[in-house]
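Asks: Let me give you the structure first, and then I'll get to my questions.
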Amino acid sequence: MTDQPHPHHPAPELFTWEFATDPYPAYAWLREHEPVHRTRLPSGVEAWLVTRYADARQALADPRLSKNPAHHDEPAHAKGKTGIPGERKAELMTHLLNIDPPDHTRLRRLVSKAFTPRRVAEFAPRVQELTDDLIDRFAADGSADLIHDFAFPLPIYAICDLLGVPREDQDDFRDWAGMMIRHGGGPRGGVARSVKKMRAYLADLIHRKREDLADFPDSDSAPSEDLLSGLIRASDQGEHLTENEAAAMAFILLFAGFETTVNLIGNGTYALLTHPEQRALLEKSLAAGERGLLETGVEELLRYDGPVELATWRFATRPLTLGGKDIAAGDPVLVVLAAADRDPERFADPDVLDLGRRDNQHLGYGHGIHYCLGAPLARLEGQTALATLLTRLPDLQLAGDPADLRWRGGLIMRGLRTLPVEFTPERSRTAGRTA
(Lines give C-alpha, C1' and ligand atoms only; values in the text may rest on other atoms or scores of the structure.)
Protein backbone atom coordinates (compact mmCIF):
# COMPACT_ATOMS: atom_id res chain seq x y z
CA MET A 1 0.00 0.00 0.00
CA THR A 2 1.07 3.60 -0.61
CA ASP A 3 -1.85 5.11 1.29
CA GLN A 4 -0.75 8.46 2.73
CA PRO A 5 -2.15 8.89 6.26
CA HIS A 6 -3.88 12.09 7.28
CA PRO A 7 -1.81 13.99 9.86
CA HIS A 8 -4.39 13.39 12.60
CA HIS A 9 -6.21 10.26 11.50
CA PRO A 10 -4.86 6.93 10.24
CA ALA A 11 -5.91 6.07 6.70
CA PRO A 12 -8.21 3.05 6.55
CA GLU A 13 -6.86 -0.17 5.10
CA LEU A 14 -8.36 -0.81 1.69
CA PHE A 15 -9.07 -3.99 -0.30
CA THR A 16 -9.10 -6.42 2.64
CA TRP A 17 -11.87 -8.98 3.18
CA GLU A 18 -13.20 -6.80 6.01
CA PHE A 19 -13.24 -3.83 3.64
CA ALA A 20 -15.08 -5.88 0.99
CA THR A 21 -17.81 -6.74 3.50
CA ASP A 22 -18.48 -3.08 4.30
CA PRO A 23 -16.38 -0.52 2.43
CA TYR A 24 -18.59 2.43 3.29
CA PRO A 25 -16.86 3.58 6.53
CA ALA A 26 -13.51 3.66 4.70
CA TYR A 27 -15.04 5.59 1.82
CA ALA A 28 -16.55 8.07 4.29
CA TRP A 29 -13.05 8.65 5.73
CA LEU A 30 -11.62 9.20 2.26
CA ARG A 31 -14.39 11.62 1.27
CA GLU A 32 -13.68 13.71 4.35
CA HIS A 33 -9.88 13.57 4.56
CA GLU A 34 -8.47 12.49 1.20
CA PRO A 35 -11.20 12.72 -1.46
CA VAL A 36 -8.77 12.12 -4.33
CA HIS A 37 -6.49 9.45 -2.96
CA ARG A 38 -3.48 7.72 -4.49
CA THR A 39 -3.12 4.07 -3.52
CA ARG A 40 -1.49 0.85 -4.58
CA LEU A 41 -4.08 -1.65 -5.76
CA PRO A 42 -3.86 -5.39 -4.99
CA SER A 43 -2.50 -5.93 -8.52
CA GLY A 44 0.43 -3.61 -7.78
CA VAL A 45 -0.84 -0.84 -10.05
CA GLU A 46 -0.90 2.63 -8.49
CA ALA A 47 -4.05 4.63 -9.16
CA TRP A 48 -6.08 7.61 -7.96
CA LEU A 49 -9.41 6.93 -6.21
CA VAL A 50 -12.05 9.66 -6.61
CA THR A 51 -14.65 9.54 -3.83
CA ARG A 52 -16.71 12.76 -3.70
CA TYR A 53 -19.82 13.12 -5.84
CA ALA A 54 -18.89 16.41 -7.51
CA ASP A 55 -15.37 15.21 -8.37
CA ALA A 56 -16.70 11.84 -9.54
CA ARG A 57 -19.26 13.41 -11.85
CA GLN A 58 -16.57 15.69 -13.28
CA ALA A 59 -14.13 12.83 -13.82
CA LEU A 60 -16.69 10.57 -15.51
CA ALA A 61 -17.29 13.20 -18.19
CA ASP A 62 -13.79 14.69 -18.48
CA PRO A 63 -12.37 14.15 -22.01
CA ARG A 64 -8.84 14.34 -20.58
CA LEU A 65 -9.48 10.99 -18.90
CA SER A 66 -9.28 8.40 -21.65
CA LYS A 67 -10.72 4.89 -21.63
CA ASN A 68 -7.91 3.64 -23.86
CA PRO A 69 -5.30 1.75 -21.77
CA ALA A 70 -2.64 2.71 -24.32
CA HIS A 71 -2.49 6.00 -22.40
CA HIS A 72 -1.29 4.25 -19.25
CA ASP A 73 2.29 5.28 -18.51
CA GLU A 74 3.23 1.76 -17.40
CA PRO A 75 3.01 -1.55 -19.27
CA ALA A 76 0.64 -2.94 -16.62
CA HIS A 77 -2.26 -3.08 -19.04
CA ALA A 78 -0.22 -5.37 -21.30
CA LYS A 79 0.21 -7.77 -18.39
CA GLY A 80 -3.53 -7.98 -17.79
CA LYS A 81 -3.40 -5.89 -14.63
CA THR A 82 -5.94 -3.37 -15.91
CA GLY A 83 -9.10 -4.04 -17.83
CA ILE A 84 -10.96 -7.34 -18.06
CA PRO A 85 -8.89 -10.52 -17.51
CA GLY A 86 -8.11 -12.33 -20.74
CA GLU A 87 -9.53 -9.74 -23.13
CA ARG A 88 -6.16 -8.74 -24.58
CA LYS A 89 -5.06 -12.29 -25.43
CA ALA A 90 -8.45 -13.05 -26.95
CA GLU A 91 -8.29 -9.91 -29.17
CA LEU A 92 -11.37 -8.45 -27.53
CA MET A 93 -9.98 -5.03 -26.64
CA THR A 94 -11.89 -2.90 -29.17
CA HIS A 95 -15.09 -2.50 -27.19
CA LEU A 96 -16.98 0.43 -25.66
CA LEU A 97 -15.16 0.34 -22.31
CA ASN A 98 -11.70 0.68 -23.89
CA ILE A 99 -12.10 3.29 -26.63
CA ASP A 100 -12.69 7.03 -27.03
CA PRO A 101 -14.42 9.11 -29.71
CA PRO A 102 -14.68 8.93 -32.66
CA ASP A 103 -14.58 5.11 -32.57
CA HIS A 104 -16.63 5.03 -29.37
CA THR A 105 -19.28 7.25 -30.99
CA ARG A 106 -19.47 5.01 -34.07
CA LEU A 107 -19.72 1.72 -32.17
CA ARG A 108 -22.17 3.05 -29.59
CA ARG A 109 -24.45 4.35 -32.33
CA LEU A 110 -24.53 0.91 -33.93
CA VAL A 111 -25.68 -0.87 -30.79
CA SER A 112 -27.75 1.80 -29.05
CA LYS A 113 -30.93 1.05 -31.01
CA ALA A 114 -31.12 -2.35 -29.29
CA PHE A 115 -31.52 -0.65 -25.90
CA THR A 116 -34.11 2.02 -26.63
CA PRO A 117 -37.02 2.19 -24.18
CA ARG A 118 -39.31 0.79 -26.90
CA ARG A 119 -37.10 -2.21 -27.63
CA VAL A 120 -36.64 -2.91 -23.94
CA ALA A 121 -40.41 -2.67 -23.36
CA GLU A 122 -40.92 -5.22 -26.13
CA PHE A 123 -38.53 -7.54 -24.30
CA ALA A 124 -40.39 -7.24 -20.98
CA PRO A 125 -42.61 -10.34 -21.46
CA ARG A 126 -39.51 -12.47 -22.10
CA VAL A 127 -37.83 -11.15 -18.95
CA GLN A 128 -40.98 -11.99 -16.97
CA GLU A 129 -41.05 -15.47 -18.51
CA LEU A 130 -37.41 -16.10 -17.63
CA THR A 131 -37.98 -14.80 -14.10
CA ASP A 132 -40.94 -17.07 -13.47
CA ASP A 133 -39.26 -20.08 -15.03
CA LEU A 134 -36.25 -19.70 -12.76
CA ILE A 135 -38.39 -19.28 -9.64
CA ASP A 136 -40.41 -22.34 -10.72
CA ARG A 137 -37.26 -24.44 -10.41
CA PHE A 138 -36.89 -23.82 -6.66
CA ALA A 139 -40.28 -22.50 -5.50
CA ALA A 140 -41.43 -25.91 -4.24
CA ASP A 141 -38.19 -26.53 -2.30
CA GLY A 142 -38.59 -23.95 0.43
CA SER A 143 -34.98 -22.78 0.11
CA ALA A 144 -32.54 -21.56 -2.52
CA ASP A 145 -29.30 -19.72 -3.14
CA LEU A 146 -30.66 -16.64 -4.86
CA ILE A 147 -27.32 -15.85 -6.50
CA HIS A 148 -26.72 -19.25 -8.10
CA ASP A 149 -30.35 -20.17 -8.72
CA PHE A 150 -31.79 -16.82 -9.75
CA ALA A 151 -29.74 -13.60 -9.89
CA PHE A 152 -26.95 -15.17 -11.95
CA PRO A 153 -28.84 -17.09 -14.67
CA LEU A 154 -31.55 -14.45 -15.30
CA PRO A 155 -29.36 -11.78 -16.97
CA ILE A 156 -27.24 -14.42 -18.73
CA TYR A 157 -30.24 -15.91 -20.50
CA ALA A 158 -31.70 -12.46 -21.18
CA ILE A 159 -28.58 -11.04 -22.83
CA CYS A 160 -28.06 -14.28 -24.78
CA ASP A 161 -31.59 -13.92 -26.16
CA LEU A 162 -30.92 -10.31 -27.13
CA LEU A 163 -27.63 -11.17 -28.82
CA GLY A 164 -29.16 -14.10 -30.69
CA VAL A 165 -27.26 -16.95 -29.01
CA PRO A 166 -29.27 -20.14 -29.75
CA ARG A 167 -31.04 -21.55 -26.70
CA GLU A 168 -29.13 -24.81 -26.94
CA ASP A 169 -25.82 -22.93 -26.55
CA GLN A 170 -26.80 -20.65 -23.69
CA ASP A 171 -25.74 -23.01 -20.91
CA ASP A 172 -22.19 -22.86 -22.31
CA PHE A 173 -22.33 -19.09 -21.90
CA ARG A 174 -23.58 -19.58 -18.37
CA ASP A 175 -20.54 -21.78 -17.60
CA TRP A 176 -18.06 -19.33 -19.13
CA ALA A 177 -19.66 -16.37 -17.38
CA GLY A 178 -19.60 -18.29 -14.10
CA MET A 179 -15.85 -18.67 -14.38
CA MET A 180 -15.40 -14.98 -15.23
CA ILE A 181 -17.50 -13.79 -12.29
CA ARG A 182 -15.41 -15.68 -9.73
CA HIS A 183 -12.63 -13.08 -9.91
CA GLY A 184 -9.85 -15.52 -9.19
CA GLY A 185 -11.89 -17.94 -7.12
CA GLY A 186 -11.67 -20.66 -9.77
CA PRO A 187 -8.76 -22.66 -11.19
CA ARG A 188 -5.64 -20.75 -12.21
CA GLY A 189 -6.04 -19.39 -15.73
CA GLY A 190 -9.72 -20.28 -15.77
CA VAL A 191 -10.90 -16.77 -16.59
CA ALA A 192 -8.56 -16.41 -19.57
CA ARG A 193 -9.60 -19.84 -20.89
CA SER A 194 -13.26 -18.95 -20.57
CA VAL A 195 -12.75 -15.65 -22.39
CA LYS A 196 -10.86 -17.47 -25.15
CA LYS A 197 -13.66 -20.06 -25.52
CA MET A 198 -16.24 -17.30 -25.63
CA ARG A 199 -14.24 -15.44 -28.29
CA ALA A 200 -13.98 -18.55 -30.46
CA TYR A 201 -17.69 -19.24 -30.10
CA LEU A 202 -18.62 -15.63 -30.98
CA ALA A 203 -16.40 -15.68 -34.07
CA ASP A 204 -18.12 -18.86 -35.26
CA LEU A 205 -21.59 -17.48 -34.45
CA ILE A 206 -20.88 -14.27 -36.36
CA HIS A 207 -19.76 -16.34 -39.35
CA ARG A 208 -22.94 -18.46 -39.23
CA LYS A 209 -25.21 -15.45 -38.87
CA ARG A 210 -23.50 -13.70 -41.77
CA GLU A 211 -24.21 -16.73 -43.97
CA ASP A 212 -27.84 -16.79 -42.82
CA LEU A 213 -28.24 -13.08 -43.53
CA ALA A 214 -27.03 -13.61 -47.10
CA ASP A 215 -30.46 -15.14 -47.75
CA PHE A 216 -32.13 -11.88 -46.69
CA PRO A 217 -30.31 -8.99 -48.41
CA ASP A 218 -33.19 -6.66 -47.53
CA SER A 219 -33.58 -6.13 -43.78
CA ASP A 220 -37.33 -5.59 -44.26
CA SER A 221 -37.70 -9.16 -45.49
CA ALA A 222 -35.54 -10.70 -42.74
CA PRO A 223 -36.97 -12.45 -39.71
CA SER A 224 -37.06 -10.55 -36.40
CA GLU A 225 -33.46 -9.49 -36.02
CA ASP A 226 -31.31 -10.11 -32.95
CA LEU A 227 -28.60 -7.69 -31.88
CA LEU A 228 -25.67 -9.62 -33.34
CA SER A 229 -27.39 -9.93 -36.71
CA GLY A 230 -28.08 -6.20 -36.63
CA LEU A 231 -24.40 -5.47 -36.02
CA ILE A 232 -23.39 -7.77 -38.88
CA ARG A 233 -25.90 -6.19 -41.25
CA ALA A 234 -24.72 -2.69 -40.32
CA SER A 235 -21.14 -3.79 -40.95
CA ASP A 236 -21.98 -5.28 -44.33
CA GLN A 237 -23.82 -2.08 -45.31
CA GLY A 238 -20.82 0.14 -44.87
CA GLU A 239 -20.61 0.95 -41.18
CA HIS A 240 -17.04 -0.46 -41.08
CA LEU A 241 -17.47 -2.85 -38.18
CA THR A 242 -14.68 -5.40 -38.24
CA GLU A 243 -15.23 -8.99 -37.10
CA ASN A 244 -13.01 -8.31 -34.09
CA GLU A 245 -15.14 -5.27 -33.24
CA ALA A 246 -18.35 -7.29 -33.60
CA ALA A 247 -17.00 -10.06 -31.36
CA ALA A 248 -15.66 -7.54 -28.83
CA MET A 249 -19.01 -5.74 -28.82
CA ALA A 250 -20.90 -8.98 -28.14
CA PHE A 251 -18.37 -9.88 -25.44
CA ILE A 252 -18.63 -6.59 -23.57
CA LEU A 253 -22.43 -6.54 -23.79
CA LEU A 254 -22.43 -9.97 -22.21
CA PHE A 255 -19.74 -9.19 -19.64
CA ALA A 256 -21.00 -5.74 -18.64
CA GLY A 257 -24.63 -6.69 -19.05
CA PHE A 258 -24.76 -9.71 -16.79
CA GLU A 259 -22.60 -9.16 -13.71
CA THR A 260 -24.04 -5.71 -13.02
CA THR A 261 -27.55 -7.18 -13.03
CA VAL A 262 -26.51 -10.21 -10.96
CA ASN A 263 -25.31 -7.77 -8.31
CA LEU A 264 -28.30 -5.45 -8.63
CA ILE A 265 -30.67 -8.35 -7.93
CA GLY A 266 -28.45 -9.90 -5.23
CA ASN A 267 -27.52 -6.70 -3.40
CA GLY A 268 -31.04 -5.35 -3.81
CA THR A 269 -32.71 -8.45 -2.40
CA TYR A 270 -30.26 -8.52 0.51
CA ALA A 271 -30.96 -4.85 1.29
CA LEU A 272 -34.71 -5.48 1.29
CA LEU A 273 -34.38 -8.56 3.51
CA THR A 274 -32.34 -6.56 6.04
CA HIS A 275 -34.62 -3.48 5.96
CA PRO A 276 -38.03 -4.92 6.82
CA GLU A 277 -39.82 -1.56 7.07
CA GLN A 278 -38.79 -0.59 3.54
CA ARG A 279 -39.63 -4.04 2.25
CA ALA A 280 -43.10 -3.85 3.81
CA LEU A 281 -43.75 -0.52 2.08
CA LEU A 282 -42.77 -2.02 -1.26
CA GLU A 283 -44.88 -5.14 -0.77
CA LYS A 284 -47.89 -2.98 0.12
CA SER A 285 -47.35 -0.89 -3.01
CA LEU A 286 -47.05 -3.98 -5.23
CA ALA A 287 -50.17 -5.53 -3.70
CA ALA A 288 -52.07 -2.37 -4.64
CA GLY A 289 -50.93 -2.73 -8.25
CA GLU A 290 -48.68 0.33 -8.10
CA ARG A 291 -45.22 0.54 -9.68
CA GLY A 292 -44.02 3.96 -8.56
CA LEU A 293 -42.26 2.75 -5.42
CA LEU A 294 -40.75 -0.18 -7.33
CA GLU A 295 -39.22 2.21 -9.85
CA THR A 296 -37.84 4.69 -7.32
CA GLY A 297 -36.87 1.76 -5.10
CA VAL A 298 -34.62 0.15 -7.71
CA GLU A 299 -32.90 3.52 -8.22
CA GLU A 300 -32.36 3.75 -4.46
CA LEU A 301 -30.96 0.23 -4.31
CA LEU A 302 -28.54 1.21 -7.10
CA ARG A 303 -27.43 4.19 -5.02
CA TYR A 304 -27.39 2.56 -1.59
CA ASP A 305 -25.36 -0.58 -2.38
CA GLY A 306 -24.99 -0.66 -6.14
CA PRO A 307 -23.58 -3.41 -8.35
CA VAL A 308 -20.57 -1.39 -9.58
CA GLU A 309 -18.26 -0.20 -6.80
CA LEU A 310 -15.66 1.51 -8.99
CA ALA A 311 -16.14 2.76 -12.53
CA THR A 312 -13.93 1.09 -15.11
CA TRP A 313 -10.41 2.34 -15.76
CA ARG A 314 -9.59 5.82 -16.99
CA PHE A 315 -6.14 7.20 -17.87
CA ALA A 316 -5.04 10.84 -17.88
CA THR A 317 -3.99 11.94 -21.36
CA ARG A 318 -2.36 15.10 -19.96
CA PRO A 319 -1.78 16.65 -16.55
CA LEU A 320 -4.91 17.81 -14.75
CA THR A 321 -6.10 18.81 -11.29
CA LEU A 322 -8.93 16.91 -9.67
CA GLY A 323 -10.20 17.54 -6.16
CA GLY A 324 -7.12 19.65 -5.45
CA LYS A 325 -4.71 16.87 -6.46
CA ASP A 326 -2.37 17.03 -9.46
CA ILE A 327 -2.85 14.02 -11.73
CA ALA A 328 0.08 13.28 -14.05
CA ALA A 329 -0.34 12.23 -17.67
CA GLY A 330 -0.60 8.46 -17.85
CA ASP A 331 -1.93 8.02 -14.31
CA PRO A 332 -4.87 5.63 -13.87
CA VAL A 333 -7.98 7.13 -12.28
CA LEU A 334 -10.75 5.05 -10.69
CA VAL A 335 -14.01 6.79 -9.82
CA VAL A 336 -15.49 5.20 -6.69
CA LEU A 337 -19.21 5.17 -7.49
CA ALA A 338 -20.02 3.55 -4.15
CA ALA A 339 -18.40 6.45 -2.30
CA ALA A 340 -19.85 9.19 -4.49
CA ASP A 341 -23.37 7.81 -4.11
CA ARG A 342 -23.12 8.09 -0.30
CA ASP A 343 -21.78 11.66 -0.33
CA PRO A 344 -23.71 13.72 2.27
CA GLU A 345 -22.95 16.85 0.25
CA ARG A 346 -25.24 15.43 -2.48
CA PHE A 347 -27.69 13.05 -0.75
CA ALA A 348 -29.63 13.68 2.44
CA ASP A 349 -29.10 10.88 4.97
CA PRO A 350 -26.98 8.94 2.46
CA ASP A 351 -26.52 5.88 4.70
CA VAL A 352 -30.29 5.44 5.04
CA LEU A 353 -32.19 3.21 2.59
CA ASP A 354 -35.25 5.18 1.41
CA LEU A 355 -37.08 3.47 -1.46
CA GLY A 356 -39.17 6.58 -2.02
CA ARG A 357 -36.15 8.88 -2.45
CA ARG A 358 -36.94 11.37 -5.21
CA ASP A 359 -33.84 13.50 -5.67
CA ASN A 360 -31.67 10.58 -6.66
CA GLN A 361 -29.28 11.35 -9.49
CA HIS A 362 -26.99 8.51 -8.50
CA LEU A 363 -23.94 7.52 -10.54
CA GLY A 364 -24.63 3.79 -10.44
CA TYR A 365 -24.69 3.59 -14.23
CA GLY A 366 -22.02 6.22 -14.77
CA HIS A 367 -22.27 9.64 -16.38
CA GLY A 368 -21.24 11.24 -19.65
CA ILE A 369 -20.61 9.50 -22.96
CA HIS A 370 -19.85 6.18 -21.24
CA TYR A 371 -23.17 6.11 -19.38
CA CYS A 372 -24.27 2.48 -19.28
CA LEU A 373 -25.91 1.58 -22.56
CA GLY A 374 -27.82 -1.32 -21.02
CA ALA A 375 -29.27 0.64 -18.10
CA PRO A 376 -32.89 0.39 -19.36
CA LEU A 377 -32.58 -3.41 -19.64
CA ALA A 378 -30.92 -3.72 -16.22
CA ARG A 379 -33.68 -1.63 -14.65
CA LEU A 380 -36.32 -3.83 -16.27
CA GLU A 381 -34.60 -7.01 -15.04
CA GLY A 382 -34.12 -5.60 -11.54
CA GLN A 383 -37.71 -4.41 -11.22
CA THR A 384 -39.13 -7.66 -12.61
CA ALA A 385 -36.92 -9.88 -10.45
CA LEU A 386 -37.59 -8.08 -7.17
CA ALA A 387 -41.33 -7.63 -7.73
CA THR A 388 -41.79 -11.28 -8.70
CA LEU A 389 -39.73 -12.60 -5.78
CA LEU A 390 -41.66 -10.56 -3.23
CA THR A 391 -45.01 -11.42 -4.80
CA ARG A 392 -44.51 -15.14 -5.26
CA LEU A 393 -42.49 -15.77 -2.10
CA PRO A 394 -43.99 -13.28 0.39
CA ASP A 395 -42.30 -14.75 3.49
CA LEU A 396 -38.86 -14.84 1.87
CA GLN A 397 -36.12 -14.47 4.49
CA LEU A 398 -32.39 -14.95 4.93
CA ALA A 399 -31.30 -18.46 5.88
CA GLY A 400 -28.49 -18.02 8.37
CA ASP A 401 -26.58 -15.13 9.87
CA PRO A 402 -25.92 -12.12 7.61
CA ALA A 403 -22.41 -11.99 9.13
CA ASP A 404 -21.64 -15.29 7.42
CA LEU A 405 -22.24 -13.89 3.92
CA ARG A 406 -19.17 -13.27 1.77
CA TRP A 407 -18.66 -10.70 -0.94
CA ARG A 408 -16.78 -11.54 -4.13
CA GLY A 409 -13.30 -10.16 -4.47
CA GLY A 410 -12.60 -7.93 -7.44
CA LEU A 411 -11.87 -4.30 -8.02
CA ILE A 412 -14.81 -3.04 -10.09
CA MET A 413 -17.92 -4.98 -9.09
CA ARG A 414 -19.63 -5.40 -5.72
CA GLY A 415 -21.72 -8.52 -5.19
CA LEU A 416 -22.45 -11.43 -2.89
CA ARG A 417 -20.97 -14.87 -3.48
CA THR A 418 -24.13 -16.55 -2.19
CA LEU A 419 -27.50 -15.46 -0.82
CA PRO A 420 -29.16 -18.41 0.96
CA VAL A 421 -32.88 -17.86 1.60
CA GLU A 422 -35.85 -19.82 2.87
CA PHE A 423 -39.60 -19.47 2.37
CA THR A 424 -42.86 -21.39 2.44
CA PRO A 425 -42.80 -23.72 -0.59
CA GLU A 426 -45.28 -23.01 -3.35
CA ARG A 427 -47.84 -25.77 -3.68
CA SER A 428 -48.13 -25.40 -7.43
CA ARG A 429 -45.52 -24.62 -10.05
CA THR A 430 -47.85 -21.94 -11.43
CA ALA A 431 -49.07 -20.56 -8.10
CA GLY A 432 -48.55 -16.87 -7.57
CA ARG A 433 -47.62 -16.08 -11.15
CA THR A 434 -47.45 -12.37 -11.80
CA ALA A 435 -49.20 -10.90 -14.79
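Each chain of the C-alpha coordinates is named A, B, ... in the order shown, its residues numbered from 1; ligands are numbered from 1 in display order.
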Just want the 10 Å neighbourhood of region 21-23 of chain A, counted on only C-alpha atoms, with same-chain residues fewer than 5 positions away dropped. Output as an MDAnalysis selection string.
Replies: chainID A and resid 12:16 28 305 309 338:339 403 405:409 414:416
Asks: Write to file, as a short mmCIF file (atom, residue, chain, number, x, y, z; two decimals), in the first residue's frame, the residues of the selection just made, with N, CA and C atoms.
Replies:
data_model
loop_
_atom_site.label_atom_id
_atom_site.label_comp_id
_atom_site.auth_asym_id
_atom_site.auth_seq_id
_atom_site.Cartn_x
_atom_site.Cartn_y
_atom_site.Cartn_z
N PRO A 12 -7.67 4.40 6.44
CA PRO A 12 -8.21 3.05 6.55
C PRO A 12 -7.49 2.10 5.61
N GLU A 13 -7.46 0.83 5.97
CA GLU A 13 -6.86 -0.17 5.10
C GLU A 13 -7.88 -0.57 4.05
N LEU A 14 -7.46 -0.54 2.81
CA LEU A 14 -8.36 -0.81 1.69
C LEU A 14 -8.11 -2.22 1.13
N PHE A 15 -9.16 -2.75 0.50
CA PHE A 15 -9.07 -3.99 -0.30
C PHE A 15 -8.78 -5.24 0.54
N THR A 16 -9.14 -5.22 1.82
CA THR A 16 -9.10 -6.42 2.64
C THR A 16 -10.47 -7.10 2.57
N ALA A 28 -16.17 6.85 3.59
CA ALA A 28 -16.55 8.07 4.29
C ALA A 28 -15.29 8.80 4.77
N ASP A 305 -26.38 0.48 -2.35
CA ASP A 305 -25.36 -0.58 -2.38
C ASP A 305 -25.33 -1.16 -3.78
N GLU A 309 -18.89 -0.97 -7.88
CA GLU A 309 -18.26 -0.20 -6.80
C GLU A 309 -17.36 0.89 -7.35
N ALA A 338 -19.43 3.88 -5.44
CA ALA A 338 -20.02 3.55 -4.15
C ALA A 338 -19.80 4.66 -3.13
N ALA A 339 -18.68 5.34 -3.21
CA ALA A 339 -18.40 6.45 -2.30
C ALA A 339 -19.16 7.70 -2.71
N ALA A 403 -23.86 -12.13 8.94
CA ALA A 403 -22.41 -11.99 9.13
C ALA A 403 -21.63 -13.09 8.43
N LEU A 405 -22.26 -14.12 5.37
CA LEU A 405 -22.24 -13.89 3.92
C LEU A 405 -20.89 -13.35 3.51
N ARG A 406 -20.46 -13.72 2.30
CA ARG A 406 -19.17 -13.27 1.77
C ARG A 406 -19.37 -12.54 0.45
N TRP A 407 -18.59 -11.50 0.28
CA TRP A 407 -18.66 -10.70 -0.94
C TRP A 407 -17.52 -11.12 -1.86
N ARG A 408 -17.80 -11.14 -3.15
CA ARG A 408 -16.78 -11.54 -4.13
C ARG A 408 -15.65 -10.52 -4.17
N GLY A 409 -14.43 -11.05 -4.27
CA GLY A 409 -13.30 -10.16 -4.47
C GLY A 409 -13.31 -9.61 -5.89
N ARG A 414 -19.31 -5.10 -7.12
CA ARG A 414 -19.63 -5.40 -5.72
C ARG A 414 -20.82 -6.35 -5.70
N GLY A 415 -20.63 -7.57 -5.22
CA GLY A 415 -21.72 -8.52 -5.19
C GLY A 415 -21.45 -9.67 -4.25
N LEU A 416 -22.53 -10.30 -3.81
CA LEU A 416 -22.45 -11.43 -2.89
C LEU A 416 -22.06 -12.70 -3.62
#
Asks: Could you give me, as number ranges by chain, the residues within 7 Å of Leu49 (chain A), counting only C-alpha atoms and dropping anything in the same chain fewer than 6 positions from it?
Replies: A: 36-38, 333-336
Asks: List as a PyMOL selection string the protein and nucleic acid residues near Ala139 (chain A), meaning an atom at most 8 Å away when only C-alpha atoms are counted, but skip any in the same chain fewer than 3 places from it.
Replies: chain A and resi 135-136+142-143+393+425-426+429
Asks: What are the DSSP helix (DSSP H, G or I) residues of region 89-296 of chain A, as a PyMOL selection string?
Replies: chain A and resi 103-115+117-138+146-151+153-163+167-181+190-213+219-221+227-239+243-273+276-287+292-296
Asks: Would you compute the distance between CA of Val298 (chain A) and CA of Phe251 (chain A)? Give it in Å to one decimal.
Replies: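 Computing it gives 26.1 Å between the two atoms.
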Asks: Figure out the distance between CA of Leu154 (chain A) and CA of Pro166 (chain A), please, to one decimal in Å.
Replies: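 Spanning CA of Pro166 (chain A) to CA of Leu154 (chain A) is a straight-line distance of 15.7 Å.
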Asks: CA of Thr312 (chain A) and CA of Trp48 (chain A), how far apart in Å?
Replies: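 Spanning CA of Trp48 (chain A) to CA of Thr312 (chain A) is a straight-line distance of 12.5 Å.
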Asks: Looking at only C-alpha atoms, which of A:Gly330, A:Pro153, A:Gly292, A:Gly306 is the one that sits closest to Gly366 (chain A)?
Replies: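 For Gly366 (chain A), the nearest of the given residues is A:Gly306.
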Asks: Which residue is closest to Arg291 (chain A)? Choose from A:Ile369, A:Leu380, A:Leu228, A:Asp172 and count only C-alpha atoms.
Replies: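 Closest residue, counting only C-alpha atoms: A:Leu380.
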